[in-house]
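For reference, my_file11.txt is printed below; it contains compact mmCIF, C-alpha atoms.
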```txt
# COMPACT_ATOMS: atom_id res chain seq x y z
CA MET A 1 45.54 11.58 9.39
CA ASN A 2 45.22 8.94 12.09
CA ARG A 3 42.41 8.17 14.51
CA ASN A 4 44.14 9.95 17.37
CA TYR A 5 44.04 13.22 15.46
CA TYR A 6 40.26 12.98 14.91
CA TYR A 7 39.75 11.98 18.52
CA LEU A 8 41.67 15.03 19.76
CA LEU A 9 39.82 17.28 17.30
CA ILE A 10 36.41 16.07 18.52
CA CYS A 11 37.44 16.56 22.14
CA ALA A 12 38.59 20.10 21.37
CA LEU A 13 35.30 20.96 19.67
CA LEU A 14 33.28 19.57 22.57
CA PHE A 15 35.37 21.62 24.96
CA LEU A 16 34.47 24.78 23.01
CA VAL A 17 30.72 24.11 23.25
CA PRO A 18 29.24 26.02 26.22
CA ARG A 19 28.31 23.59 28.95
CA SER A 20 24.97 25.33 29.46
CA LEU A 21 24.03 24.69 25.82
CA PHE A 22 25.06 21.04 26.07
CA ALA A 23 22.98 20.68 29.24
CA GLN A 24 19.93 22.18 27.55
CA GLN A 25 20.23 19.80 24.62
CA THR A 26 20.42 16.74 26.88
CA THR A 27 17.47 17.77 29.03
CA PHE A 28 14.98 18.68 26.32
CA LYS A 29 12.19 16.40 27.40
CA PRO A 30 8.67 16.76 28.85
CA TYR A 31 8.53 17.65 32.51
CA ASN A 32 6.18 18.43 35.35
CA GLN A 33 6.58 21.90 36.88
CA MET A 34 6.01 21.88 40.62
CA LEU A 35 5.24 25.11 42.47
CA PRO A 36 7.21 25.39 45.72
CA GLY A 37 5.33 25.20 48.98
CA VAL A 38 1.98 24.15 47.58
CA ASP A 39 0.41 21.04 46.10
CA ALA A 40 0.13 22.41 42.56
CA ASN A 41 1.85 21.58 39.28
CA PHE A 42 1.44 21.59 35.52
CA ASP A 43 2.89 19.60 32.62
CA MET A 44 5.13 20.94 29.85
CA VAL A 45 5.41 19.19 26.47
CA THR A 46 8.39 19.40 24.10
CA ILE A 47 7.76 20.99 20.71
CA PRO A 48 10.67 20.32 18.32
CA ALA A 49 12.26 22.95 16.12
CA GLY A 50 11.11 22.89 12.52
CA LYS A 51 9.39 24.71 9.72
CA PHE A 52 5.78 24.70 8.60
CA ASN A 53 3.32 26.36 6.26
CA MET A 54 1.52 29.04 8.25
CA GLY A 55 -1.92 30.24 7.24
CA SER A 56 -4.59 28.56 5.13
CA PRO A 57 -4.98 28.06 1.39
CA ALA A 58 -7.77 29.82 -0.48
CA SER A 59 -9.45 26.44 -0.94
CA GLU A 60 -9.94 25.81 2.79
CA LYS A 61 -13.54 25.89 3.96
CA ASP A 62 -14.42 29.01 5.99
CA ARG A 63 -11.01 30.53 5.29
CA GLU A 64 -10.61 34.25 6.13
CA VAL A 65 -8.56 36.77 4.14
CA ASP A 66 -6.21 37.45 7.08
CA GLU A 67 -5.07 33.81 7.03
CA GLY A 68 -3.06 34.26 3.85
CA PRO A 69 -0.92 34.04 1.96
CA VAL A 70 0.35 30.66 3.14
CA HIS A 71 4.04 31.09 3.91
CA THR A 72 6.94 29.09 5.30
CA VAL A 73 8.06 29.81 8.86
CA ASN A 74 11.02 28.48 10.82
CA ILE A 75 10.37 27.90 14.53
CA ASN A 76 12.87 27.30 17.33
CA ALA A 77 12.25 24.48 19.80
CA PHE A 78 10.21 25.15 22.94
CA TRP A 79 8.12 23.62 25.67
CA MET A 80 4.40 24.36 25.80
CA SER A 81 1.95 23.69 28.61
CA LYS A 82 0.05 20.50 27.90
CA HIS A 83 -3.19 22.17 29.00
CA GLU A 84 -4.71 25.58 29.24
CA ILE A 85 -3.79 27.02 32.65
CA PRO A 86 -6.59 26.12 35.09
CA TRP A 87 -7.97 28.20 37.96
CA ASP A 88 -6.25 25.78 40.37
CA ILE A 89 -2.93 27.35 39.28
CA TYR A 90 -3.99 30.84 38.23
CA GLU A 91 -5.80 31.61 41.45
CA LEU A 92 -2.54 31.18 43.38
CA PHE A 93 -1.21 34.17 41.43
CA VAL A 94 -4.36 36.21 42.01
CA SER A 95 -4.43 35.51 45.76
CA LYS A 96 -1.97 37.25 48.12
CA VAL A 97 -2.71 34.63 50.76
CA PHE A 98 -0.58 32.06 48.95
CA ASP A 99 2.60 34.15 49.04
CA ALA A 100 1.99 35.30 52.60
CA THR A 101 2.21 31.71 53.80
CA ARG A 102 5.22 30.62 51.74
CA LYS A 103 8.31 31.15 53.90
CA GLU A 104 10.67 29.84 51.24
CA ILE A 105 9.72 32.72 48.91
CA SER A 106 11.77 35.82 49.69
CA SER A 107 9.99 39.06 50.53
CA GLU A 108 11.86 40.75 47.68
CA SER A 109 10.42 38.24 45.23
CA VAL A 110 6.91 38.65 46.59
CA ASP A 111 7.05 42.43 46.62
CA GLY A 112 8.26 42.48 43.03
CA ILE A 113 5.01 41.01 41.75
CA THR A 114 2.17 43.32 40.86
CA ARG A 115 -1.09 41.47 41.33
CA PRO A 116 -4.45 41.79 39.64
CA THR A 117 -6.93 44.15 41.21
CA PRO A 118 -9.93 42.28 42.63
CA PRO A 119 -12.58 41.88 39.92
CA TYR A 120 -16.08 43.05 40.80
CA LEU A 121 -17.54 39.95 39.13
CA ASP A 122 -17.06 36.24 39.71
CA MET A 123 -14.49 35.62 36.98
CA THR A 124 -15.42 31.94 36.77
CA PHE A 125 -18.80 33.17 35.46
CA GLY A 126 -20.36 30.27 37.33
CA MET A 127 -18.89 27.75 34.89
CA GLY A 128 -16.67 25.94 37.38
CA LYS A 129 -13.25 26.30 38.95
CA GLU A 130 -11.52 22.99 39.73
CA ARG A 131 -9.53 21.98 36.62
CA HIS A 132 -11.50 24.48 34.55
CA PRO A 133 -9.40 26.89 32.46
CA ALA A 134 -8.85 30.33 34.00
CA VAL A 135 -10.62 32.98 31.94
CA GLY A 136 -11.21 36.69 31.57
CA MET A 137 -7.65 37.92 32.06
CA THR A 138 -6.12 40.63 29.89
CA GLN A 139 -2.94 39.97 27.93
CA TYR A 140 -1.07 42.12 30.48
CA ASN A 141 -2.54 39.99 33.27
CA ALA A 142 -1.36 36.81 31.51
CA ILE A 143 2.17 38.17 31.14
CA GLN A 144 2.29 39.08 34.84
CA PHE A 145 1.18 35.55 35.63
CA CYS A 146 4.24 34.35 33.70
CA LYS A 147 6.39 36.74 35.74
CA TRP A 148 4.92 35.30 38.92
CA LEU A 149 5.84 31.80 37.76
CA TYR A 150 9.38 32.99 37.07
CA SER A 151 9.71 34.39 40.59
CA ARG A 152 8.73 31.01 42.05
CA THR A 153 10.49 28.60 39.72
CA GLY A 154 13.41 30.54 38.21
CA ILE A 155 12.21 29.42 34.78
CA PHE A 156 11.27 31.90 32.07
CA TYR A 157 7.71 31.39 30.87
CA ARG A 158 5.88 33.58 28.36
CA LEU A 159 3.00 33.70 25.93
CA PRO A 160 3.46 31.94 22.58
CA THR A 161 3.72 33.97 19.41
CA GLU A 162 1.03 33.46 16.79
CA ALA A 163 3.49 31.43 14.72
CA GLU A 164 4.53 29.23 17.65
CA TRP A 165 0.91 28.68 18.59
CA GLU A 166 -0.14 27.61 15.09
CA TYR A 167 2.95 25.42 14.69
CA ALA A 168 2.14 23.63 17.95
CA CYS A 169 -1.55 23.35 17.10
CA ARG A 170 -0.92 21.88 13.67
CA ALA A 171 1.58 19.33 15.05
CA GLY A 172 2.85 18.52 11.57
CA SER A 173 -0.52 18.73 9.81
CA ASN A 174 -1.47 20.92 6.84
CA THR A 175 -5.21 20.43 7.25
CA ALA A 176 -7.91 22.67 8.68
CA TYR A 177 -7.61 20.93 12.06
CA SER A 178 -4.76 18.96 13.59
CA PHE A 179 -6.79 15.77 13.07
CA GLY A 180 -7.77 16.44 9.44
CA GLU A 181 -10.43 18.23 7.43
CA ASN A 182 -13.57 16.63 8.85
CA GLU A 183 -15.16 19.09 11.27
CA ASN A 184 -17.55 16.35 12.40
CA MET A 185 -14.61 14.93 14.37
CA LEU A 186 -14.38 18.07 16.50
CA ASN A 187 -16.54 16.49 19.15
CA GLU A 188 -13.65 14.12 19.90
CA PHE A 189 -11.05 16.87 20.26
CA GLY A 190 -12.64 20.03 21.62
CA TRP A 191 -15.43 21.88 23.36
CA PHE A 192 -17.30 24.30 21.10
CA GLY A 193 -20.71 25.77 20.50
CA SER A 194 -22.45 22.52 19.62
CA ASN A 195 -21.30 20.35 22.53
CA SER A 196 -20.24 22.65 25.40
CA ASN A 197 -23.62 23.58 26.90
CA GLU A 198 -22.31 27.17 26.80
CA LYS A 199 -19.59 26.71 29.41
CA THR A 200 -15.95 25.69 29.87
CA HIS A 201 -15.05 22.12 30.76
CA PRO A 202 -12.22 20.58 32.79
CA ILE A 203 -8.95 20.60 30.90
CA GLY A 204 -7.77 17.45 29.13
CA THR A 205 -11.11 15.70 28.81
CA LYS A 206 -10.96 15.47 25.01
CA LYS A 207 -8.31 13.88 22.78
CA PRO A 208 -4.92 15.61 22.41
CA ASN A 209 -3.33 16.64 19.13
CA PRO A 210 -0.45 14.52 17.73
CA TRP A 211 2.10 16.39 19.88
CA GLY A 212 0.21 15.73 23.10
CA LEU A 213 -1.45 19.14 23.56
CA TYR A 214 -5.03 19.22 24.80
CA ASP A 215 -7.79 21.71 23.98
CA MET A 216 -5.91 23.46 21.18
CA HIS A 217 -9.27 23.42 19.40
CA GLY A 218 -11.88 25.04 21.66
CA ASN A 219 -12.69 25.11 25.37
CA VAL A 220 -11.20 28.61 25.68
CA ALA A 221 -9.45 30.81 23.14
CA GLU A 222 -5.84 31.59 24.04
CA TRP A 223 -3.70 34.71 24.16
CA THR A 224 -0.69 35.07 21.90
CA ALA A 225 2.13 37.61 22.20
CA ASP A 226 1.34 39.35 18.90
CA GLN A 227 -0.32 42.56 17.89
CA TYR A 228 -3.04 41.63 15.42
CA ILE A 229 -2.23 42.99 11.95
CA PRO A 230 -4.69 41.81 9.26
CA ASP A 231 -2.17 41.79 6.40
CA TYR A 232 0.86 40.79 8.46
CA TYR A 233 1.48 37.66 6.38
CA ASN A 234 1.98 39.65 3.16
CA GLN A 235 5.58 40.46 4.06
CA PHE A 236 6.42 36.73 3.98
CA ALA A 237 4.92 36.03 0.55
CA SER A 238 8.35 35.73 -1.08
CA LYS A 239 10.58 34.83 1.87
CA VAL A 240 10.82 32.51 4.84
CA GLY A 241 9.82 33.88 8.24
CA ASN A 242 12.11 33.16 11.18
CA ASN A 243 10.28 33.07 14.53
CA PRO A 244 8.10 36.05 13.54
CA LEU A 245 6.47 38.31 16.10
CA ALA A 246 4.25 41.33 15.49
CA LYS A 247 5.48 43.24 18.53
CA PRO A 248 2.58 44.95 20.35
CA ILE A 249 2.71 48.74 20.34
CA LYS A 250 -0.91 49.51 21.22
CA LEU A 251 -3.61 48.09 23.45
CA TYR A 252 -5.95 46.78 20.75
CA PRO A 253 -6.18 44.45 18.99
CA HIS A 254 -4.02 41.49 20.07
CA SER A 255 -4.16 38.11 18.39
CA VAL A 256 -6.19 35.31 19.93
CA ARG A 257 -6.11 31.69 18.81
CA GLY A 258 -7.95 28.39 19.11
CA GLY A 259 -11.62 29.28 19.40
CA SER A 260 -13.75 28.68 22.46
CA PHE A 261 -16.74 26.86 23.90
CA GLN A 262 -18.96 29.55 22.37
CA ASP A 263 -17.72 29.22 18.79
CA ALA A 264 -18.67 27.49 15.57
CA PRO A 265 -16.18 24.98 14.08
CA ALA A 266 -14.76 27.60 11.69
CA LYS A 267 -13.27 29.53 14.62
CA LEU A 268 -11.48 26.41 15.89
CA ARG A 269 -9.43 25.84 12.73
CA SER A 270 -5.64 25.83 13.17
CA ALA A 271 -5.14 28.94 11.01
CA ASN A 272 -8.07 31.00 12.30
CA ARG A 273 -7.14 34.39 13.79
CA GLU A 274 -9.34 36.26 16.25
CA VAL A 275 -8.73 39.57 18.04
CA SER A 276 -9.16 41.24 21.42
CA ASP A 277 -11.71 44.03 21.49
CA PRO A 278 -12.65 46.97 23.77
CA SER A 279 -16.18 45.57 24.02
CA TRP A 280 -14.77 42.89 26.30
CA LYS A 281 -14.70 45.62 29.00
CA ARG A 282 -17.97 47.22 27.99
CA ASN A 283 -19.53 47.07 31.47
CA ASP A 284 -16.40 47.89 33.48
CA PRO A 285 -17.41 50.96 35.58
CA GLN A 286 -13.81 52.03 36.27
CA ILE A 287 -12.15 55.01 34.56
CA PRO A 288 -9.62 54.13 33.26
CA LYS A 289 -10.84 50.60 32.76
CA SER A 290 -9.09 47.67 34.43
CA ASN A 291 -5.67 46.63 33.15
CA TRP A 292 -6.32 43.18 34.52
CA TRP A 293 -9.76 41.80 33.62
CA PHE A 294 -12.13 41.48 30.69
CA GLN A 295 -15.47 41.19 32.46
CA GLU A 296 -17.23 40.46 29.17
CA ALA A 297 -14.84 37.73 28.00
CA PRO A 298 -15.53 34.39 29.68
CA PHE A 299 -14.04 32.74 26.58
CA ILE A 300 -10.39 33.92 26.75
CA GLY A 301 -7.71 31.96 28.59
CA VAL A 302 -3.98 31.30 28.55
CA ARG A 303 -1.45 28.63 27.60
CA ILE A 304 2.22 29.22 28.34
CA LEU A 305 5.52 28.54 26.60
CA ARG A 306 9.13 28.08 27.68
CA PRO A 307 11.74 28.70 24.95
CA PHE A 308 14.47 26.09 24.55
CA ILE A 309 17.06 28.88 24.45
CA THR A 310 16.65 30.99 27.58
CA PRO A 311 16.82 34.74 26.89
CA SER A 312 19.25 37.03 28.69
CA LYS A 313 18.30 38.53 32.06
CA GLU A 314 17.87 41.89 30.34
CA GLU A 315 15.49 40.42 27.76
CA ILE A 316 13.50 38.67 30.48
CA ASP A 317 13.18 41.87 32.51
CA THR A 318 12.10 43.81 29.43
CA TYR A 319 9.38 41.27 28.66
CA TYR A 320 7.98 41.13 32.17
CA ASN A 321 8.25 44.79 33.12
CA LEU A 322 6.53 46.62 30.27
CA LYS A 323 4.04 49.13 31.67
CA PRO A 324 0.39 48.54 30.87
CA ILE A 325 -1.37 50.90 28.48
CA ALA A 326 -4.28 52.67 30.19
CA ASP A 327 -7.63 51.66 28.75
CA TYR A 328 -10.06 54.56 28.51
CA SER A 329 -12.37 52.79 26.08
CA SER A 330 -16.09 53.02 26.67
```
Take the structure in this file and express it as structure tokens.
Amino acid sequence: MNRNYYYLLICALLFLVPRSLFAQQTTFKPYNQMLPGVDANFDMVTIPAGKFNMGSPASEKDREVDEGPVHTVNINAFWMSKHEIPWDIYELFVSKVFDATRKEISSESVDGITRPTPPYLDMTFGMGKERHPAVGMTQYNAIQFCKWLYSRTGIFYRLPTEAEWEYACRAGSNTAYSFGENENMLNEFGWFGSNSNEKTHPIGTKKPNPWGLYDMHGNVAEWTADQYIPDYYNQFASKVGNNPLAKPIKLYPHSVRGGSFQDAPAKLRSANREVSDPSWKRNDPQIPKSNWWFQEAPFIGVRILRPFITPSKEEIDTYYNLKPIADYSS
């Protein structure tokens, strides 16, 4: 066969590749997401597709039973926000004033967003607002924030799965932390119980992990998309997991990752799993309790993800439009 044959064959194959897929592949790079009509933006970092060992070995210091067995997981490529979402961005979602003054946003788009009910407490808890991570939102609240972003940017954002979160946190490492095993180095990478003065700190003031993500260890813990199931990893003991997700079917508990400014180093390990709890609304006087705020959780925040492969419109609508489960907990 001559060169012309191979040339024609390659051209034919390229013609069969969907242009949208080719465009995605050539534009997979970090970017800055601007919000229309306002001086606000956030950075997104590329996280390459790959596989990793999820969980922690029995030999790891402070290891919990729910972190095993260690198992191999395949992860698709995605973008992840470089920082935890700060109040500077999140408050635009909470406030109706922002949308009321943005003429370029259609009324249909604005009306399609259900907003958080006003909290009866200062949800900054006096810790600071400018560049400080937003805190105290429920998982439902965080998902609606992603929907709000979609209505403004046309880009599908969501919460990371537990597997995606740990993959991004580890950044190629197999150690307790993304920087190694030595917890004495935590002071360089995160805010936690020993150095935080019991409050959040502006995002990005510590060192990033090897993939350029800040505050993956500490500052605030972060929502994931998963239902928390203590023995969930057991099903992968003898097989490879492919983009696993424990789909939520009940209000409690959901999986939380990363540890916070209140926590000891053990809670900041890459494999550590924490859970949402009804006590986070202990003092909420409403019946049913708020779908939007955890008034007892100044330590929970949000980091967002954009999948490399955009879901269908139907899948996006399903994700954003799930009804909240009423919380009657006391």
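Take the candidates A:Leu92, A:Ala264, A:Glu274, A:Phe52 and check each one against Gly37 in chain A using only C-alpha atoms; the shortest distance goes to A:Leu92.
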| Between A:Glu84, A:Glu188, A:Glu67, A:Asp277, which one has atoms that come closest to Arg303 in chain A, using only C-alpha atoms? |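 Looking at the shortest contact to Arg303 in chain A, the residue is A:Glu84.
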| request: Write out as a PyMOL selection string the residues lying within 6 Å of Gly190 in chain A, counting only C-alpha atoms and excluding same-chain residues fewer than 5 positions away. | output: chain A and resi 206+215+217-218
| query | In Å, how far is it from CA of Tyr233 in chain A to CA of Pro253 in chain A? | reply | 16.2 Å
| said: Applying 10 Å and all atoms listed in the file, which residues near Asn76 in chain A remain after dropping the ones on its own chain fewer than 5 positions away? List them as a PyMOL selection string. | reply: chain A and resi 47-51+164+242-243+307-309
| request: Quick one: everything within 10 Å of range 195-203 of chain A, counting all atoms listed in the file, minus sequence neighbours fewer than 4 positions away in the same chain. Send it as a ChimeraX atom specification. | output: /A:82-86,124-135,186-187,190-191,214-215,218-220,260-263,298-299
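Put simply, CA of Gly136 in chain A is 9.5 Å away from CA of Val302 in chain A.
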| task | Rank nothing, just name the residue among A:Asp62, A:Tyr328, A:Pro208, A:Glu166 nearest to Pro288 in chain A, using all atoms listed in the file. | result | A:Tyr328
Once 5 Å is added on each side, what centre and edge lengths in Å to one decimal does the axis-aligned box around all listed atoms of range 204-222 of chain A have, as AutoDock Vina command-line options?
```
--center_x -5.3 --center_y 22.7 --center_z 23.4 --size_x 24.8 --size_y 27.7 --size_z 21.4
```
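From CA of Tyr232 in chain A back to CA of Ser276 in chain A, the distance works out to 16.4 Å.
Among the candidate residues A:Met54, A:Leu159, A:Ala271, A:Met216, the one lying nearest to Phe78 in chain A is A:Leu159, with distances computed using all atoms listed in the file.
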